[in-house]
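A.B. asks: I am sharing run_25.cif, which consists of mmCIF, C-alpha atoms:
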```
data_run
loop_
_atom_site.label_atom_id
_atom_site.label_comp_id
_atom_site.auth_asym_id
_atom_site.auth_seq_id
_atom_site.Cartn_x
_atom_site.Cartn_y
_atom_site.Cartn_z
CA MET X 1 -9.20 -30.25 19.29
CA THR X 2 -6.71 -32.27 17.25
CA PHE X 3 -7.43 -30.12 14.22
CA VAL X 4 -6.73 -26.92 16.20
CA VAL X 5 -3.39 -28.29 17.46
CA LEU X 6 -2.41 -29.34 13.93
CA LEU X 7 -3.49 -25.93 12.58
CA ALA X 8 -1.31 -24.19 15.19
CA GLY X 9 1.63 -26.33 14.03
CA ILE X 10 0.96 -25.31 10.43
CA GLY X 11 1.06 -21.68 11.61
CA TYR X 12 4.42 -22.31 13.28
CA LEU X 13 5.83 -23.95 10.16
CA THR X 14 4.58 -21.06 8.02
CA VAL X 15 6.35 -18.53 10.24
CA LYS X 16 9.49 -20.69 10.22
CA VAL X 17 9.50 -20.85 6.40
CA LYS X 18 8.99 -17.08 6.15
CA THR X 19 12.13 -16.45 8.23
CA LEU X 20 14.35 -18.57 5.94
CA ASP X 21 14.74 -18.70 2.21
CA PHE X 22 12.66 -21.43 0.58
CA TRP X 23 15.39 -24.01 0.00
CA ASN X 24 16.85 -23.75 3.50
CA ALA X 25 13.37 -23.90 5.00
CA ALA X 26 12.41 -26.93 2.91
CA MET X 27 15.56 -28.77 3.96
CA SER X 28 15.69 -27.58 7.57
CA PHE X 29 15.79 -30.09 10.42
CA ASP X 30 12.31 -29.03 11.57
CA MET X 31 10.76 -29.65 8.16
CA VAL X 32 12.51 -32.90 7.30
CA PHE X 33 12.01 -34.65 10.64
CA LEU X 34 8.69 -33.19 11.75
CA GLY X 35 7.21 -30.64 9.36
CA TYR X 36 6.25 -32.81 6.42
CA SER X 37 4.62 -35.42 8.67
CA TRP X 38 2.81 -32.65 10.54
CA ILE X 39 1.48 -31.27 7.26
CA ALA X 40 0.32 -34.76 6.22
CA PHE X 41 -1.50 -35.27 9.55
CA PHE X 42 -3.11 -31.84 9.21
CA TYR X 43 -4.48 -32.60 5.75
CA ALA X 44 -5.58 -36.09 6.79
CA CYS X 45 -7.50 -34.55 9.68
CA LEU X 46 -8.98 -31.91 7.38
CA LEU X 47 -10.05 -34.61 4.93
CA LEU X 48 -11.64 -36.70 7.68
CA ILE X 49 -13.60 -33.69 8.90
CA ALA X 50 -14.72 -32.81 5.37
CA VAL X 51 -15.86 -36.37 4.64
CA THR X 52 -17.46 -37.35 7.96
CA ALA X 53 -18.90 -34.13 9.45
CA LYS X 54 -22.47 -33.21 8.60
CA LYS X 55 -22.17 -29.47 9.30
CA GLY X 56 -19.69 -26.84 10.34
CA MET X 57 -17.47 -24.15 8.89
CA ILE X 58 -14.90 -26.55 7.39
CA VAL X 59 -17.61 -28.65 5.74
CA SER X 60 -19.27 -25.52 4.33
CA ILE X 61 -15.99 -24.29 2.86
CA MET X 62 -15.10 -27.70 1.43
CA ARG X 63 -18.45 -27.85 -0.38
CA PHE X 64 -17.88 -24.68 -2.42
CA SER X 65 -18.51 -25.57 -6.07
CA PHE X 66 -15.19 -24.01 -7.17
CA LEU X 67 -13.25 -26.26 -4.78
CA ARG X 68 -15.14 -29.34 -6.01
CA HIS X 69 -14.36 -28.35 -9.60
CA LEU X 70 -10.70 -27.82 -8.68
CA GLY X 71 -10.68 -31.31 -7.15
CA ILE X 72 -12.07 -32.77 -10.38
CA ILE X 73 -9.45 -31.09 -12.59
CA SER X 74 -6.57 -31.32 -10.09
CA TYR X 75 -4.70 -34.07 -11.91
CA GLY X 76 -4.69 -32.03 -15.11
CA VAL X 77 -3.53 -28.97 -13.14
CA PHE X 78 -0.73 -31.06 -11.63
CA LEU X 79 0.40 -32.31 -15.03
CA ILE X 80 0.44 -29.00 -16.89
CA HIS X 81 0.99 -26.20 -14.37
CA MET X 82 4.78 -25.97 -14.68
CA THR X 83 4.75 -26.09 -18.48
CA VAL X 84 2.12 -23.36 -18.60
CA ASP X 85 3.95 -21.24 -16.01
CA ILE X 86 7.25 -21.41 -17.86
CA SER X 87 5.58 -20.83 -21.24
CA VAL X 88 3.53 -17.84 -20.08
CA HIS X 89 6.53 -16.20 -18.43
CA GLY X 90 8.66 -16.87 -21.50
CA LEU X 91 6.06 -15.53 -23.93
CA LEU X 92 4.99 -12.46 -21.95
CA LEU X 93 8.20 -11.47 -20.16
CA GLY X 94 10.94 -13.27 -22.04
CA LYS X 95 12.39 -14.71 -18.83
CA GLU X 96 11.73 -17.26 -16.12
CA SER X 97 9.26 -16.92 -13.28
CA SER X 98 9.94 -14.44 -10.50
CA LEU X 99 7.65 -12.53 -8.14
CA LYS X 100 9.66 -9.31 -7.79
CA THR X 101 7.22 -6.79 -9.31
CA PRO X 102 3.44 -6.49 -9.69
CA LEU X 103 3.80 -7.31 -13.40
CA TYR X 104 5.14 -10.74 -12.47
CA TRP X 105 2.08 -11.33 -10.27
CA VAL X 106 -0.18 -10.45 -13.21
CA VAL X 107 1.69 -12.97 -15.36
CA VAL X 108 1.35 -15.59 -12.60
CA LEU X 109 -2.41 -14.94 -12.49
CA ALA X 110 -2.58 -15.28 -16.27
CA GLY X 111 -0.70 -18.58 -16.07
CA PHE X 112 -3.05 -19.77 -13.33
CA LEU X 113 -6.12 -18.95 -15.44
CA VAL X 114 -4.63 -20.62 -18.53
CA THR X 115 -3.80 -23.69 -16.42
CA LEU X 116 -7.38 -23.89 -15.11
CA LEU X 117 -8.77 -23.50 -18.61
CA LEU X 118 -6.54 -26.19 -20.12
CA ALA X 119 -7.15 -28.59 -17.22
CA THR X 120 -10.92 -28.07 -17.54
CA LEU X 121 -10.78 -28.73 -21.28
CA SER X 122 -8.63 -31.80 -20.67
CA TRP X 123 -11.15 -33.12 -18.14
CA ARG X 124 -14.16 -32.40 -20.32
CA PHE X 125 -12.87 -33.72 -23.63
CA PHE X 126 -10.26 -36.34 -22.67
CA GLU X 127 -10.22 -37.59 -19.07
CA LYS X 128 -13.97 -37.86 -18.46
CA PRO X 129 -14.69 -39.74 -21.74
CA VAL X 130 -11.82 -42.16 -21.02
CA ILE X 131 -13.14 -42.79 -17.50
CA GLN X 132 -16.67 -43.35 -18.82
CA TRP X 133 -15.32 -45.74 -21.44
CA GLY X 134 -13.40 -47.62 -18.73
CA HIS X 135 -16.58 -47.96 -16.65
CA SER X 136 -18.26 -49.70 -19.57
CA PHE X 137 -16.12 -52.81 -19.04
CA ALA X 138 -17.11 -55.62 -16.69
CA TYR X 139 -14.27 -56.59 -14.36
CA THR X 140 -15.56 -59.90 -13.08
CA ASN X 141 -14.77 -63.27 -14.56
CA LYS X 142 -18.06 -65.17 -14.69
CA LYS X 143 -16.34 -68.53 -15.34
CA ASN X 144 -14.42 -68.52 -12.05
CA ARG X 145 -17.27 -67.16 -9.91
CA PRO X 146 -18.67 -69.69 -7.38
CA PRO X 147 -22.25 -70.81 -7.98
CA ALA X 148 -24.95 -68.82 -6.16
#
```
Output the structure of this file as structure tokens.
C.D. replies:
Amino acid sequence: MTFVVLLAGIGYLTVKVKTLDFWNAAMSFDMVFLGYSWIAFFYACLLLIAVTAKKGMIVSIMRFSFLRHLGIISYGVFLIHMTVDISVHGLLLGKESSLKTPLYWVVVLAGFLVTLLLATLSWRFFEKPVIQWGHSFAYTNKKNRPPA
């Protein structure tokens, strides 16, 4: 029930944002004093359902292999997405990002695919080996451990 109430609030916020331009919506009283907390509670609830529930529609969706892969590469996506977006728009269109025509949407899709590719390569050849290397270290100090 809590999830449904939070989802309804997300719907309200979405409609509210659609009626204003992005900056005014992001800085509106509703968003600053309630909206961002509401969004955080919604995603916390969604995460709790995904982690604790054994079955259901949300759990089934959250277990899609593409979403798991996106979760694995998400840090790389976060780090590089803006650079790729700006670069792709600059190289293909010669100007900054805008979604005014279908051509811009094609360029956005191309940037999205390049971002996923680069983040996957980063995970496979950089992040994962570094994490595995880090797991090879022992983090306990045997000298200061109490006797068994």
A.B. asks: Determine the nearest neighbour of Leu13 (chain X) from the options X:Ala110, X:Ile86, X:Ala26, X:Met1, counting all atoms listed in the file.
C.D. replies: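 Result for the nearest residue to Leu13 (chain X): X:Ala26.
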A.B. asks: What are the closest atom pairs, with distances in Å to one decimal, for all residues of region 25-73 of chain X lying within 12 Å of region 120-123 of chain X? Consider only C-alpha atoms, order rows by chain and residue number, and present the result as CSV.
C.D. replies:
```
residue,atom,partner,partner_atom,distance
X:Phe66,CA,X:Thr120,CA,11.9
X:His69,CA,X:Thr120,CA,8.7
X:Leu70,CA,X:Thr120,CA,8.9
X:Gly71,CA,X:Thr120,CA,10.9
X:Ile72,CA,X:Trp123,CA,7.8
X:Ile73,CA,X:Thr120,CA,6.0
```
A.B. asks: Interatomic distance between CA of His81 (chain X) and CA of Met31 (chain X)?
C.D. replies: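 Here the two named atoms are 24.8 Å from each other.
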A.B. asks: Kindly resolve the PyMOL selection byres ((chain X and resi 87) around 12) on the present coordinates and return the residues as a list of chain:residue names.
C.D. replies: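 The output of the PyMOL selection byres ((chain X and resi 87) around 12) on this file is X:Ile80, X:His81, X:Met82, X:Thr83, X:Val84, X:Asp85, X:Ile86, X:Val88, X:His89, X:Gly90, X:Leu91, X:Leu92, X:Leu93, X:Gly94, X:Lys95, X:Glu96, X:Ser97, X:Val107, X:Val108, X:Ala110, X:Gly111, X:Phe112, X:Val114, X:Thr115.
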A.B. asks: When you draw a straight line from CA of Gly9 (chain X) to CA of Ala40 (chain X), how long is it in Å?
C.D. replies: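 Calculated distance between CA of Gly9 (chain X) and CA of Ala40 (chain X) is 11.6 Å.
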A.B. asks: Determine, counting all atoms listed in the file, which protein, DNA and RNA residues have an atom within 12 Å of an atom of region 59-64 of chain X; residues of the same chain fewer than 6 positions away are not included. Present the result as a PyMOL selection string.
C.D. replies: chain X and resi 46-53+70-71
A.B. asks: Rank nothing, just name the residue among X:Glu127, X:Pro102, X:Val32, X:Gly56 nearest to Ser74 (chain X), using all atoms listed in the file.
C.D. replies: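 Ranked by minimum distance to Ser74 (chain X), first place goes to X:Glu127.
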A.B. asks: What is the distance, in Å and to one decimal place, between CA of Ser65 (chain X) and CA of Val77 (chain X)?
C.D. replies: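 These two atoms are separated by 16.9 Å.
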A.B. asks: Determine the nearest neighbour of Lys128 (chain X) from the options X:Tyr104, X:Phe41, X:Tyr75, X:Phe3, counting only C-alpha atoms.
C.D. replies: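 Looking at the shortest contact to Lys128 (chain X), the residue is X:Tyr75.
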A.B. asks: Excluding Val17 (chain X) and its own-chain neighbours fewer than 6 positions away, which residues fall within 10 Å of it when counting all atoms listed in the file? Please give them as a VMD selection string.
C.D. replies: chain X and resid 11 23 to 26 28 31
A.B. asks: Taking only C-alpha atoms into account, which of X:Tyr36, X:Phe42, X:Phe29, X:Phe126 comes nearest Leu6 (chain X)?
C.D. replies: X:Phe42
